[in-house]
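**Q** Got a structure for you, questions after.
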Amino acid sequence: TRIRAGALRATVAARAAATRPRRQRQRQLQRRWLSAVLLDGRATAKTILAEVRQQTAELAARPGLAVVQVGQRPDASRYVELKRATAVDVGFHSQVAELGEQCSDEDVLGVIDELNARRDVHGILVQLPLPPHLSQARILNRIKIEKDVDGFHPYNVGSLALKRTGDGFEPWATGSSSPWAAFDGDGDQSGAQTDDASLVERLAARTNIACTPRACLELLDRYDVPIAGRHVVVLGRSNVVGMPATLMFLNRHATVTNVCAASVSSDDDVRRMTRQADIVVSAIGQPHKVRADWIKPGAAVIDVGINFIADPNAPNGTRIVGDVDTDDVARVAAHITPVPGGVGPMTVAMLMQNTLFNAIQASFRVQ
């Protein structure tokens with residue numbers, strides 16, 4: 001009887017474990033990772049979105065976000081719907097402009113021109129990747145600088161390189177949650193001064209920065225992981241993550257090594273570099289490539305990778321993993337992001353922040 005009861009309890013426990021929500025499983029993982037603090041992107045994004053929701057409620061006009069989607073790739077459609085739903089949840093108005101897979105550059109440019117002209121749209125993004133017959137550079141460059149919430153326009157990238165982004169400036173950081181707190185009651189900004197420049201001048205100086213690298217630094221900041229004076233190694237040099245992340249860390253007074261896979265002859269070469277780093281950011285798209293022997297004890301590890309690997313126990317036969325072998329690396333790292341649930345949710349939160357800033361800037365341009 002005792003054996004049967006024990007087996008029954010084990011069976012019930014196993015079934016309960018299999019049906020627990022993902023967040024509960026992550027908490028269990030956190031308890032296993034005795035060394036690493038889990039940088040919880042979901043919880044942090046929830047906090048940021050609550051802040052955006054509160055700030056949006058105090059604006060006279062609702063921020064607007066528009067997504068341009070070409071074709072109906074299932075993965076792209078899921079991402080687009082997530083962005084649309086999140087925008088609505090924080091109080092924005094949101095729309096998706098859908099075009100067929102075989103549309104031309106001119107078709108996409110025409111849609112972007114219409115969105116550029118609309119005063120109720122403050123953020124425009126084109127869901128990537130685009131079909132190969134379309135010119136991605138031409139299409140992305142057509143978005144107005146002040147509506148480029150992805151931060152991909154050459155002007156915004158150049159501003160990042162020249163340290164002219166105004167990043168870190170919060171117009172409501174004046175002792176009040178309101179973005180208008182430093183202004184007169186009717187929105188007049190006359191006489192509103194900060195220690196070094198007028199609030200409006202600082203607000204006007206802020207440009208859009210790519211959301212994923214912003215998410216990486218925001219997570220580090222929210223968990224009080226120091227950046228200035230640290231050695232950062234960024235794996236990958238893409239225009240979406242690696243290159244802007246390198247510039248952002250440099251702008252935060254870190255010493256940065258950017259590693260391009262094509263420029264190194266072996267994993268040993270990369271390992272020698274990452275073993276020196278206080279912070280490692282991986283965006284190389286290779287599942288479980290980064291292991292514990294790549295990491296200096298006590299380092300912070302940010303995993304940007306999204307990879308699909310076969311898993312017969314998963315509902316669709318695959319599951320998502322990052323570039324980092326999390327269970328292995330967490331034995332030596334001091335801080336680590338999970339995949340999923342790390343940088344991904346934070347990227348969406350940064351997109352909403354960019355759109356909110358653009359709406360505030362637009363309100364002053366029309367005064």
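FYI, nothing fancy with the structure tokens labels: chains A, B, ... in order, residues from 1 per chain, ligands from 1 as they appear.
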May I have the residues within 12 Å of Arg252 (chain A) as a list in words, using only C-alpha atoms and disregarding those fewer than 3 positions away in the same chain?
**A**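 My list of contacting residues is Leu160, Lys163, Asp167, Gly168, Arg214, Leu217, Glu218, Leu220, Asp221, Pro226, Ile227, Ala228, Gly229, Arg230, His231, Val232, Ala245, Thr246, Leu247, Met248, Phe249, Thr255 and Val256 of chain A.
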**Q** Mind checking which residues fall within 7 Å of Thr337 (chain A), counting only C-alpha atoms, ignoring those fewer than 4 positions away in the same chain, and posting them as number ranges by chain?
**A** A: 38-40, 301-303, 342
**Q** Output as a PyMOL selection string all residues of region 52-186 of chain A that backbone DSSP marks as alpha helix (DSSP H).
**A** chain A and resi 52-57+74-89+105-117+136-141+154-161
**Q** If you run DSSP over the backbone, which residues in region 81-287 of chain A end up strand (DSSP E)? Put them as a ChimeraX atom specification.
**A** /A:93-99,123-126,231-235,255-259,279-282
**Q** A:Leu250, A:Ala43, A:Val233, A:Val339: which is nearest Gln276 (chain A), counting only C-alpha atoms?
**A**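 Comparing A:Leu250, A:Ala43, A:Val233, A:Val339 against Gln276 (chain A), the winner is A:Val233.
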**Q** With distances taken over only C-alpha atoms, which residue among A:Asn116, A:Gln361, A:Thr56, A:Thr212 lies nearest Gly41 (chain A)?
**A**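 For Gly41 (chain A), the nearest of the given residues is A:Thr212.
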**Q** Just the number, please: distance in Å from CA of Ile48 (chain A) to CA of Pro74 (chain A), one decimal.
**A** 27.6 Å
**Q** Rounded to one decimal in Å, what is the spacing between CA of Thr44 (chain A) and CA of Asp278 (chain A)?
**A** 22.0 Å
**Q** Quick one, how far is CA of Asp113 (chain A) from CA of Ile139 (chain A)?
**A**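 Pair CA of Asp113 (chain A) / CA of Ile139 (chain A) returns 10.4 Å.
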**Q** Give me the residues within 7 Å of Phe308 (chain A) as a PDB file with C-alpha atoms, in the first residue's frame, counting only C-alpha atoms and dropping any in the same chain fewer than 6 places off.
**A**
ATOM      1  CA  THR A 318      10.172  22.158 -31.433  1.00  0.00           C
ATOM      2  CA  ARG A 319      11.054  24.515 -28.619  1.00  0.00           C
ATOM      3  CA  ILE A 320      12.774  27.873 -28.319  1.00  0.00           C
ATOM      4  CA  VAL A 321      16.265  28.134 -26.865  1.00  0.00           C
TER       5      VAL A 321
END
**Q** Taking only C-alpha atoms into account, name the residue in A:Val126, A:Ala334, A:Ala349, A:Ile309 that is nearest to Ala36 (chain A).
**A**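 With only C-alpha atoms as the atom set, the closest residue is A:Ala334.
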**Q** Give the answer as one residue: which of A:Arg291, A:Leu130, A:Asp224, A:Arg119 has the shortest atom-to-atom distance to Leu99 (chain A), using only C-alpha atoms?
**A**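 Closest to Leu99 (chain A), using only C-alpha atoms: A:Leu130.
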**Q** Nearest to Cys103 (chain A) among A:Ala45, A:Val70, A:Ile209, A:Ala76, with distances taken over only C-alpha atoms: which residue is it?
**A** A:Val70
**Q** Compare A:Val157, A:Ala292, A:Ala97, A:Ile145 by their minimum atom-to-atom distance to Val332 (chain A), counting only C-alpha atoms, and give me the closest one.
**A**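 With only C-alpha atoms as the atom set, the closest residue is A:Ala292.
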**Q** Can you pull out the residues contacting Leu125 (chain A)? Cut-off 8 Å, using only C-alpha atoms, and skip same-chain residues under 4 positions away; I want them as a list in words.
**A** Ala66, Val67, Val68, Asp148, Val149 and Asp150 of chain A
**Q** Give me, as a PDB file with N, CA, C and O atoms, in the first residue's frame, all polymer residues having an atom no more than 9 Å from Gly100 (chain A), counting only C-alpha atoms and skipping those fewer than 4 positions away in the same chain.
**A**
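Now in result29.pdb:
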ATOM      1  N   GLN A  69       3.163  45.012 -42.612  1.00  0.00           N
ATOM      2  CA  GLN A  69       3.506  43.593 -42.760  1.00  0.00           C
ATOM      3  C   GLN A  69       3.322  43.175 -44.212  1.00  0.00           C
ATOM      4  O   GLN A  69       2.261  43.391 -44.807  1.00  0.00           O
ATOM      5  N   VAL A  70       4.369  42.579 -44.769  1.00  0.00           N
ATOM      6  CA  VAL A  70       4.319  42.070 -46.135  1.00  0.00           C
ATOM      7  C   VAL A  70       4.250  40.548 -46.073  1.00  0.00           C
ATOM      8  O   VAL A  70       5.135  39.897 -45.505  1.00  0.00           O
ATOM      9  N   GLY A  71       3.197  39.978 -46.643  1.00  0.00           N
ATOM     10  CA  GLY A  71       3.025  38.531 -46.604  1.00  0.00           C
ATOM     11  C   GLY A  71       2.385  38.079 -45.303  1.00  0.00           C
ATOM     12  O   GLY A  71       2.049  38.885 -44.425  1.00  0.00           O
ATOM     13  N   GLN A  72       2.226  36.758 -45.173  1.00  0.00           N
ATOM     14  CA  GLN A  72       1.531  36.197 -44.008  1.00  0.00           C
ATOM     15  C   GLN A  72       2.324  35.058 -43.385  1.00  0.00           C
ATOM     16  O   GLN A  72       1.758  34.007 -43.065  1.00  0.00           O
TER      17      GLN A  72
END
**Q** Quick one: residues within 7 Å of Arg271 (chain A), only C-alpha atoms, excluding same-chain residues fewer than 4 positions away - as a ChimeraX atom specification?
**A** /A:267,275,294
**Q** Would you mind exporting the chosen residues as a tab-separated table (two decimals), in the first residue's frame, restricted to C-alpha atoms?
**A**
chain	number	residue	atom	x	y	z
A	267	ASP	CA	35.76	28.74	-30.74
A	275	ARG	CA	36.39	34.80	-20.54
A	294	TRP	CA	33.20	30.68	-22.03
